[in-house]
$ cat work-v7.pdb   # PDB, C-alpha atoms, pLDDT in the B column
ATOM      1  CA  MET P   9      78.616 103.734 120.018  1.00 49.00           C
ATOM      2  CA  SER P  10      76.596 100.652 119.035  1.00 51.00           C
ATOM      3  CA  GLU P  11      78.030  97.136 118.990  1.00 53.00           C
ATOM      4  CA  GLY P  12      77.551  97.065 115.211  1.00 53.00           C
ATOM      5  CA  SER P  13      79.673 100.174 114.772  1.00 50.00           C
ATOM      6  CA  THR P  14      82.357  98.732 117.019  1.00 49.00           C
ATOM      7  CA  ALA P  15      82.425  95.491 115.036  1.00 47.00           C
ATOM      8  CA  LYS P  16      82.738  97.365 111.750  1.00 50.00           C
ATOM      9  CA  ARG P  17      85.615  99.410 113.143  1.00 51.00           C
ATOM     10  CA  THR P  18      87.331  96.220 114.378  1.00 51.00           C
ATOM     11  CA  ARG P  19      86.939  94.532 110.998  1.00 58.00           C
ATOM     12  CA  ARG P  20      88.340  97.587 109.255  1.00 64.00           C
ATOM     13  CA  THR P  21      91.284  97.691 111.605  1.00 81.00           C
ATOM     14  CA  LYS P  22      92.052  94.023 110.966  1.00 78.00           C
ATOM     15  CA  ALA P  23      91.928  94.667 107.240  1.00 77.00           C
ATOM     16  CA  GLU P  24      94.343  97.536 107.671  1.00 82.00           C
ATOM     17  CA  GLN P  25      96.636  95.322 109.715  1.00 83.00           C
ATOM     18  CA  ARG P  26      96.585  92.649 107.023  1.00 85.00           C
ATOM     19  CA  ALA P  27      97.357  95.258 104.379  1.00 87.00           C
ATOM     20  CA  GLU P  28     100.262  96.570 106.457  1.00 89.00           C
ATOM     21  CA  THR P  29     101.635  93.056 106.948  1.00 90.00           C
ATOM     22  CA  LEU P  30     101.357  92.397 103.227  1.00 92.00           C
ATOM     23  CA  GLU P  31     103.318  95.556 102.457  1.00 92.00           C
ATOM     24  CA  GLN P  32     106.005  94.544 104.940  1.00 94.00           C
ATOM     25  CA  ILE P  33     106.306  91.152 103.273  1.00 95.00           C
ATOM     26  CA  LEU P  34     106.535  92.698  99.819  1.00 95.00           C
ATOM     27  CA  ASP P  35     109.115  95.239 100.993  1.00 94.00           C
ATOM     28  CA  ALA P  36     111.247  92.523 102.575  1.00 96.00           C
ATOM     29  CA  ALA P  37     111.022  90.263  99.541  1.00 95.00           C
ATOM     30  CA  GLU P  38     111.804  93.144  97.206  1.00 93.00           C
ATOM     31  CA  TYR P  39     114.948  93.982  99.165  1.00 93.00           C
ATOM     32  CA  LEU P  40     116.128  90.361  99.304  1.00 95.00           C
ATOM     33  CA  PHE P  41     115.365  89.667  95.640  1.00 92.00           C
ATOM     34  CA  SER P  42     117.238  92.841  94.690  1.00 90.00           C
ATOM     35  CA  LYS P  43     120.331  91.566  96.500  1.00 89.00           C
ATOM     36  CA  ASN P  44     120.189  87.820  95.841  1.00 90.00           C
ATOM     37  CA  GLY P  45     117.850  87.220  92.904  1.00 87.00           C
ATOM     38  CA  LEU P  46     114.957  84.794  92.718  1.00 88.00           C
ATOM     39  CA  TYR P  47     116.980  81.672  93.387  1.00 90.00           C
ATOM     40  CA  GLY P  48     119.015  83.117  96.237  1.00 92.00           C
ATOM     41  CA  VAL P  49     116.006  83.831  98.459  1.00 93.00           C
ATOM     42  CA  THR P  50     113.710  81.495 100.393  1.00 94.00           C
ATOM     43  CA  LEU P  51     110.354  82.172 102.012  1.00 94.00           C
ATOM     44  CA  ARG P  52     112.092  81.599 105.344  1.00 94.00           C
ATOM     45  CA  ASP P  53     114.542  84.420 104.516  1.00 95.00           C
ATOM     46  CA  VAL P  54     111.627  86.767 103.855  1.00 95.00           C
ATOM     47  CA  ALA P  55     109.800  85.692 107.000  1.00 94.00           C
ATOM     48  CA  GLN P  56     112.904  86.257 109.122  1.00 94.00           C
ATOM     49  CA  ARG P  57     113.391  89.738 107.705  1.00 95.00           C
ATOM     50  CA  VAL P  58     109.774  90.637 108.490  1.00 92.00           C
ATOM     51  CA  GLY P  59     109.941  88.936 111.890  1.00 92.00           C
ATOM     52  CA  VAL P  60     107.069  86.495 111.351  1.00 90.00           C
ATOM     53  CA  HIS P  61     106.663  82.748 110.977  1.00 90.00           C
ATOM     54  CA  THR P  62     106.939  81.244 107.502  1.00 90.00           C
ATOM     55  CA  THR P  63     103.382  79.934 107.730  1.00 90.00           C
ATOM     56  CA  LEU P  64     102.110  83.512 107.636  1.00 90.00           C
ATOM     57  CA  LEU P  65     103.647  83.998 104.199  1.00 91.00           C
ATOM     58  CA  HIS P  66     101.662  80.996 102.960  1.00 89.00           C
ATOM     59  CA  TYR P  67      98.495  82.783 104.089  1.00 90.00           C
ATOM     60  CA  TYR P  68      99.240  85.493 101.513  1.00 92.00           C
ATOM     61  CA  PHE P  69     101.187  83.592  98.840  1.00 92.00           C
ATOM     62  CA  GLN P  70     101.006  80.075  97.463  1.00 91.00           C
ATOM     63  CA  ASP P  71     104.762  79.808  96.959  1.00 94.00           C
ATOM     64  CA  LYS P  72     107.919  81.841  96.339  1.00 94.00           C
ATOM     65  CA  LEU P  73     107.128  82.375  92.664  1.00 93.00           C
ATOM     66  CA  SER P  74     103.752  83.936  93.436  1.00 95.00           C
ATOM     67  CA  LEU P  75     105.499  86.248  95.920  1.00 95.00           C
ATOM     68  CA  PHE P  76     108.090  87.110  93.284  1.00 94.00           C
ATOM     69  CA  GLU P  77     105.350  87.960  90.776  1.00 94.00           C
ATOM     70  CA  ALA P  78     103.548  90.134  93.326  1.00 95.00           C
ATOM     71  CA  VAL P  79     106.736  92.059  94.093  1.00 95.00           C
ATOM     72  CA  PHE P  80     107.292  92.650  90.393  1.00 94.00           C
ATOM     73  CA  ALA P  81     103.716  93.726  89.680  1.00 93.00           C
ATOM     74  CA  ARG P  82     103.323  96.057  92.671  1.00 93.00           C
ATOM     75  CA  ARG P  83     105.379  98.897  91.184  1.00 93.00           C
ATOM     76  CA  ALA P  84     105.360  97.884  87.513  1.00 94.00           C
ATOM     77  CA  SER P  85     102.045  99.566  86.780  1.00 93.00           C
ATOM     78  CA  VAL P  86     103.328 102.814  88.269  1.00 94.00           C
ATOM     79  CA  THR P  87     106.519 103.004  86.244  1.00 94.00           C
ATOM     80  CA  SER P  88     104.937 101.808  82.992  1.00 95.00           C
ATOM     81  CA  GLY P  89     101.996 104.161  83.452  1.00 95.00           C
ATOM     82  CA  ARG P  90     104.213 107.173  84.054  1.00 96.00           C
ATOM     83  CA  ARG P  91     106.386 106.427  81.057  1.00 96.00           C
ATOM     84  CA  THR P  92     103.400 105.849  78.805  1.00 97.00           C
ATOM     85  CA  ALA P  93     101.928 109.203  79.849  1.00 97.00           C
ATOM     86  CA  ALA P  94     105.286 110.932  79.279  1.00 97.00           C
ATOM     87  CA  LEU P  95     105.632 109.407  75.808  1.00 98.00           C
ATOM     88  CA  GLU P  96     102.089 110.444  74.902  1.00 98.00           C
ATOM     89  CA  ARG P  97     102.761 114.001  76.050  1.00 98.00           C
ATOM     90  CA  TYR P  98     105.981 114.111  74.089  1.00 98.00           C
ATOM     91  CA  GLU P  99     104.284 112.718  70.991  1.00 97.00           C
ATOM     92  CA  ALA P 100     101.591 115.392  71.195  1.00 97.00           C
ATOM     93  CA  GLU P 101     104.137 118.179  71.707  1.00 97.00           C
ATOM     94  CA  ALA P 102     106.479 116.978  68.942  1.00 97.00           C
ATOM     95  CA  GLY P 103     103.716 116.587  66.392  1.00 96.00           C
ATOM     96  CA  ASP P 104     105.154 115.572  63.022  1.00 95.00           C
ATOM     97  CA  HIS P 105     108.749 116.107  64.134  1.00 97.00           C
ATOM     98  CA  PRO P 106     109.690 113.733  66.969  1.00 98.00           C
ATOM     99  CA  THR P 107     113.379 113.207  67.647  1.00 98.00           C
ATOM    100  CA  VAL P 108     115.239 110.215  68.999  1.00 98.00           C
ATOM    101  CA  GLU P 109     116.644 112.159  71.911  1.00 98.00           C
ATOM    102  CA  GLY P 110     113.259 113.636  72.780  1.00 98.00           C
ATOM    103  CA  ALA P 111     111.622 110.224  72.843  1.00 98.00           C
ATOM    104  CA  LEU P 112     114.431 108.762  74.930  1.00 98.00           C
ATOM    105  CA  HIS P 113     114.226 111.629  77.422  1.00 97.00           C
ATOM    106  CA  ALA P 114     110.528 110.931  77.884  1.00 97.00           C
ATOM    107  CA  PHE P 115     111.134 107.217  78.335  1.00 97.00           C
ATOM    108  CA  LEU P 116     114.303 107.271  80.453  1.00 97.00           C
ATOM    109  CA  ASP P 117     114.088 110.485  82.469  1.00 96.00           C
ATOM    110  CA  THR P 118     110.584 109.702  83.698  1.00 94.00           C
ATOM    111  CA  ASP P 119     111.726 106.368  85.058  1.00 92.00           C
ATOM    112  CA  LEU P 120     114.901 107.754  86.614  1.00 95.00           C
ATOM    113  CA  ASP P 121     112.877 110.524  88.286  1.00 95.00           C
ATOM    114  CA  LEU P 122     110.706 107.873  89.897  1.00 93.00           C
ATOM    115  CA  TYR P 123     113.723 106.172  91.460  1.00 93.00           C
ATOM    116  CA  ILE P 124     115.298 109.482  92.505  1.00 93.00           C
ATOM    117  CA  GLU P 125     112.103 110.751  94.128  1.00 94.00           C
ATOM    118  CA  GLY P 126     110.992 107.395  95.531  1.00 92.00           C
ATOM    119  CA  GLY P 127     114.045 106.840  97.697  1.00 89.00           C
ATOM    120  CA  GLU P 128     115.323 103.486  98.906  1.00 89.00           C
ATOM    121  CA  PRO P 129     112.151 101.413  98.269  1.00 91.00           C
ATOM    122  CA  TRP P 130     112.090 102.420  94.615  1.00 93.00           C
ATOM    123  CA  MET P 131     115.850 102.042  94.288  1.00 91.00           C
ATOM    124  CA  ASN P 132     115.452  98.497  95.617  1.00 91.00           C
ATOM    125  CA  TYR P 133     112.787  97.848  93.000  1.00 92.00           C
ATOM    126  CA  ALA P 134     115.101  99.182  90.291  1.00 92.00           C
ATOM    127  CA  ALA P 135     117.862  96.816  91.397  1.00 91.00           C
ATOM    128  CA  PHE P 136     115.343  93.992  91.665  1.00 91.00           C
ATOM    129  CA  CYS P 137     114.204  94.482  88.047  1.00 91.00           C
ATOM    130  CA  ALA P 138     117.784  94.743  86.835  1.00 91.00           C
ATOM    131  CA  ARG P 139     118.811  91.547  88.591  1.00 88.00           C
ATOM    132  CA  VAL P 140     115.843  89.439  87.484  1.00 88.00           C
ATOM    133  CA  SER P 141     115.487  90.781  83.930  1.00 87.00           C
ATOM    134  CA  ASN P 142     117.999  88.196  82.689  1.00 84.00           C
ATOM    135  CA  THR P 143     116.129  85.255  84.196  1.00 86.00           C
ATOM    136  CA  ARG P 144     113.371  83.360  82.401  1.00 87.00           C
ATOM    137  CA  GLU P 145     110.795  84.260  85.037  1.00 88.00           C
ATOM    138  CA  GLY P 146     111.819  87.917  85.062  1.00 87.00           C
ATOM    139  CA  ALA P 147     111.838  88.182  81.274  1.00 89.00           C
ATOM    140  CA  GLU P 148     108.316  86.759  81.115  1.00 92.00           C
ATOM    141  CA  LEU P 149     107.105  89.379  83.601  1.00 92.00           C
ATOM    142  CA  MET P 150     108.883  92.087  81.607  1.00 92.00           C
ATOM    143  CA  ASP P 151     106.882  90.956  78.575  1.00 93.00           C
ATOM    144  CA  VAL P 152     103.605  91.182  80.460  1.00 93.00           C
ATOM    145  CA  HIS P 153     104.139  94.482  82.252  1.00 94.00           C
ATOM    146  CA  PHE P 154     106.458  96.513  80.023  1.00 95.00           C
ATOM    147  CA  ASP P 155     105.913  95.501  76.397  1.00 96.00           C
ATOM    148  CA  PRO P 156     103.157  98.105  75.785  1.00 96.00           C
ATOM    149  CA  VAL P 157     105.288 101.068  76.899  1.00 97.00           C
ATOM    150  CA  VAL P 158     108.361  99.756  75.047  1.00 97.00           C
ATOM    151  CA  LEU P 159     106.381  99.359  71.833  1.00 97.00           C
ATOM    152  CA  LYS P 160     105.060 102.894  72.303  1.00 98.00           C
ATOM    153  CA  LEU P 161     108.645 104.135  72.436  1.00 98.00           C
ATOM    154  CA  VAL P 162     109.547 102.079  69.375  1.00 98.00           C
ATOM    155  CA  SER P 163     106.625 103.540  67.423  1.00 98.00           C
ATOM    156  CA  ILE P 164     107.883 107.074  68.107  1.00 98.00           C
ATOM    157  CA  LEU P 165     111.448 106.099  67.211  1.00 98.00           C
ATOM    158  CA  LYS P 166     110.210 104.737  63.895  1.00 97.00           C
ATOM    159  CA  ARG P 167     108.576 108.086  63.142  1.00 97.00           C
ATOM    160  CA  ALA P 168     111.762 109.920  64.147  1.00 97.00           C
ATOM    161  CA  LEU P 169     113.873 107.617  61.956  1.00 97.00           C
ATOM    162  CA  PRO P 170     111.678 106.872  58.924  1.00 96.00           C
ATOM    163  CA  ASP P 171     114.610 105.704  56.784  1.00 95.00           C
ATOM    164  CA  TYR P 172     115.829 103.147  59.317  1.00 96.00           C
ATOM    165  CA  ALA P 173     115.194  99.432  59.146  1.00 95.00           C
ATOM    166  CA  ASP P 174     113.026  98.061  61.944  1.00 96.00           C
ATOM    167  CA  GLU P 175     115.923  95.746  62.773  1.00 96.00           C
ATOM    168  CA  ASP P 176     118.187  98.692  63.622  1.00 96.00           C
ATOM    169  CA  ILE P 177     115.552 100.348  65.783  1.00 97.00           C
ATOM    170  CA  PHE P 178     114.898  97.203  67.801  1.00 97.00           C
ATOM    171  CA  TRP P 179     118.635  96.582  68.246  1.00 97.00           C
ATOM    172  CA  GLY P 180     118.979 100.192  69.331  1.00 97.00           C
ATOM    173  CA  TYR P 181     116.297  99.700  71.969  1.00 97.00           C
ATOM    174  CA  HIS P 182     118.000  96.479  73.053  1.00 96.00           C
ATOM    175  CA  PHE P 183     121.217  98.407  73.712  1.00 96.00           C
ATOM    176  CA  VAL P 184     119.313 101.159  75.540  1.00 96.00           C
ATOM    177  CA  THR P 185     117.609  98.750  77.898  1.00 94.00           C
ATOM    178  CA  GLY P 186     120.897  96.930  78.505  1.00 94.00           C
ATOM    179  CA  ALA P 187     122.533 100.152  79.634  1.00 95.00           C
ATOM    180  CA  LEU P 188     119.514 101.028  81.737  1.00 95.00           C
ATOM    181  CA  MET P 189     119.457  97.651  83.498  1.00 94.00           C
ATOM    182  CA  ASN P 190     123.196  97.859  84.194  1.00 94.00           C
ATOM    183  CA  THR P 191     122.655 101.308  85.681  1.00 94.00           C
ATOM    184  CA  LEU P 192     119.692 100.267  87.823  1.00 94.00           C
ATOM    185  CA  ALA P 193     121.657  97.336  89.244  1.00 92.00           C
ATOM    186  CA  ARG P 194     123.904  99.735  91.218  1.00 92.00           C
ATOM    187  CA  THR P 195     126.751  97.234  91.482  1.00 91.00           C
ATOM    188  CA  GLY P 196     129.299  99.868  92.495  1.00 94.00           C
ATOM    189  CA  ARG P 197     131.653  98.878  89.686  1.00 95.00           C
ATOM    190  CA  ILE P 198     131.756 102.367  88.171  1.00 96.00           C
ATOM    191  CA  ASP P 199     132.642 103.723  91.616  1.00 97.00           C
ATOM    192  CA  ARG P 200     135.720 101.524  91.737  1.00 97.00           C
ATOM    193  CA  LEU P 201     136.726 101.983  88.112  1.00 97.00           C
ATOM    194  CA  SER P 202     136.481 105.772  88.333  1.00 97.00           C
ATOM    195  CA  GLY P 203     138.255 105.987  91.678  1.00 97.00           C
ATOM    196  CA  GLY P 204     135.167 107.555  93.231  1.00 96.00           C
ATOM    197  CA  ILE P 205     134.573 110.193  90.547  1.00 97.00           C
ATOM    198  CA  CYS P 206     131.317 108.447  89.588  1.00 97.00           C
ATOM    199  CA  HIS P 207     128.798 106.735  91.850  1.00 96.00           C
ATOM    200  CA  SER P 208     126.416 103.995  90.776  1.00 94.00           C
ATOM    201  CA  ASP P 209     123.553 105.462  92.804  1.00 92.00           C
ATOM    202  CA  ASP P 210     123.928 108.952  91.281  1.00 95.00           C
ATOM    203  CA  PHE P 211     120.881 108.742  89.049  1.00 95.00           C
ATOM    204  CA  ASP P 212     120.913 112.521  88.572  1.00 96.00           C
ATOM    205  CA  ALA P 213     124.254 112.180  86.782  1.00 97.00           C
ATOM    206  CA  VAL P 214     122.867 109.313  84.701  1.00 97.00           C
ATOM    207  CA  LYS P 215     119.813 111.362  83.759  1.00 96.00           C
ATOM    208  CA  LYS P 216     121.998 114.184  82.440  1.00 97.00           C
ATOM    209  CA  ARG P 217     123.811 111.867  80.038  1.00 97.00           C
ATOM    210  CA  ILE P 218     122.007 108.671  79.091  1.00 97.00           C
ATOM    211  CA  ALA P 219     119.397 109.933  76.616  1.00 97.00           C
ATOM    212  CA  LYS P 220     121.909 112.052  74.684  1.00 97.00           C
ATOM    213  CA  PHE P 221     124.438 109.203  74.637  1.00 97.00           C
ATOM    214  CA  MET P 222     121.905 106.636  73.444  1.00 97.00           C
ATOM    215  CA  ALA P 223     120.447 108.991  70.833  1.00 97.00           C
ATOM    216  CA  ALA P 224     123.912 109.351  69.297  1.00 97.00           C
ATOM    217  CA  GLY P 225     124.111 105.571  69.105  1.00 96.00           C
ATOM    218  CA  PHE P 226     120.860 105.370  67.172  1.00 96.00           C
ATOM    219  CA  LEU P 227     122.018 108.038  64.738  1.00 95.00           C
ATOM    220  CA  ALA P 228     125.353 106.270  64.237  1.00 94.00           C
ATOM    221  CA  LEU P 229     123.582 103.104  63.099  1.00 90.00           C
ATOM    222  CA  LYS P 230     122.529 104.861  59.877  1.00 82.00           C
ATOM    223  CA  ALA P 231     126.133 105.593  58.950  1.00 62.00           C
TER
END

$ encode --input "work-v7.pdb" --output "structure tokens"
Amino acid sequence: MSEGSTAKRTRRTKAEQRAETLEQILDAAEYLFSKNGLYGVTLRDVAQRVGVHTTLLHYYFQDKLSLFEAVFARRASVTSGRRTAALERYEAEAGDHPTVEGALHAFLDTDLDLYIEGGEPWMNYAAFCARVSNTREGAELMDVHFDPVVLKLVSILKRALPDYADEDIFWGYHFVTGALMNTLARTGRIDRLSGGICHSDDFDAVKKRIAKFMAAGFLALKA
């Protein structure tokens, strides 16, 4: 093998190592942010969890906020893309007769499936989003990454509920996302309240109920 080929292989390997280190940093930060929020985590905390010096984090990220934004963005495109595709499929299948429950199934079930299938990393991301969604920084990132898919859902809901005021539909969505964020947070409160009958990480149980429950709420607003 020529020296040129060896050098190319070495450069590629170093790139792969950098990519692996970056993923480790993002995974560690995601876990810590999901537990402690933006303000409860330092770059030193992340570095210690990865097992590297803090200066290495500055090689990849300017500061904690840029790391926070990278953690948020890494999976956001996946979840928003899947939900957008699901809503478009539902819209095509429903034609002129979309229903509230059908739209909510497309929006909610698709996301819950991602967390169920993705295991602990995706569950950490779910908790991370839930925890930071009520912060200014988190809300701004929600606007950037999730507004298009939310407005797609709203447009279908408007077609399903043509006699409803826009105000009621947006409040309805507000209540839906509040329930979803509380669910994704996995605080364990429902475990304690129910005496162990329900478990906060049982997203399969949530998936069976949440769309139907929320659809009934929308319909009740008309009355």

$ atom_distance --input "work-v7.pdb" --atom1 "CA of Thr195 (chain P)" --atom2 "CA of Val49 (chain P)"
18.5 Å

$ closest_residue --input "work-v7.pdb" --among "P:Gly48, P:Gly225, P:Gly110, P:Gly126" --to "Asp176 (chain P)" --atoms "all atoms listed in the file"
P:Gly225

$ residues_around --input "work-v7.pdb" --residues "region 148-164 of chain P" --least-positions-apart "5" --cutoff "8 Å" --atoms "all atoms listed in the file" --output "PDB file with C-alpha atoms, in the frame of the given file"
ATOM      1  CA  GLU P  77     105.350  87.960  90.776  1.00 94.00           C
ATOM      2  CA  PHE P  80     107.292  92.650  90.393  1.00 94.00           C
ATOM      3  CA  ALA P  81     103.716  93.726  89.680  1.00 93.00           C
ATOM      4  CA  ALA P  84     105.360  97.884  87.513  1.00 94.00           C
ATOM      5  CA  SER P  85     102.045  99.566  86.780  1.00 93.00           C
ATOM      6  CA  SER P  88     104.937 101.808  82.992  1.00 95.00           C
ATOM      7  CA  GLY P  89     101.996 104.161  83.452  1.00 95.00           C
ATOM      8  CA  ARG P  91     106.386 106.427  81.057  1.00 96.00           C
ATOM      9  CA  THR P  92     103.400 105.849  78.805  1.00 97.00           C
ATOM     10  CA  LEU P  95     105.632 109.407  75.808  1.00 98.00           C
ATOM     11  CA  GLU P  99     104.284 112.718  70.991  1.00 97.00           C
ATOM     12  CA  PRO P 106     109.690 113.733  66.969  1.00 98.00           C
ATOM     13  CA  ALA P 111     111.622 110.224  72.843  1.00 98.00           C
ATOM     14  CA  LEU P 112     114.431 108.762  74.930  1.00 98.00           C
ATOM     15  CA  PHE P 115     111.134 107.217  78.335  1.00 97.00           C
ATOM     16  CA  SER P 141     115.487  90.781  83.930  1.00 87.00           C
ATOM     17  CA  ILE P 177     115.552 100.348  65.783  1.00 97.00           C
ATOM     18  CA  PHE P 178     114.898  97.203  67.801  1.00 97.00           C
ATOM     19  CA  TYR P 181     116.297  99.700  71.969  1.00 97.00           C
TER      20      TYR P 181
END

$ closest_residue --input "work-v7.pdb" --among "P:Val79, P:Ala213, P:Ala224, P:Val58" --to "Leu120 (chain P)" --atoms "all atoms listed in the file"
P:Ala213

$ resolve_selection --input "work-v7.pdb" --expression "the PyMOL selection byres ((chain P and resi 221) around 12)" --output "count of residues only"
24

$ axis_aligned_box --input "work-v7.pdb" --around "region 162-180 of chain P" --padding-each-side "5 Å" --output "AutoDock Vina command-line options"
--center_x 112.8 --center_y 102.8 --center_z 63.1 --size_x 22.4 --size_y 24.2 --size_z 22.6

$ atom_distance --input "work-v7.pdb" --atom1 "CA of Thr185 (chain P)" --atom2 "CA of His105 (chain P)"
23.9 Å

$ atom_distance --input "work-v7.pdb" --atom1 "CA of Glu38 (chain P)" --atom2 "CA of Pro129 (chain P)"
8.3 Å

$ closest_residue --input "work-v7.pdb" --among "P:His61, P:Lys72, P:His182, P:His207" --to "Gly45 (chain P)" --atoms "all atoms listed in the file"
P:Lys72
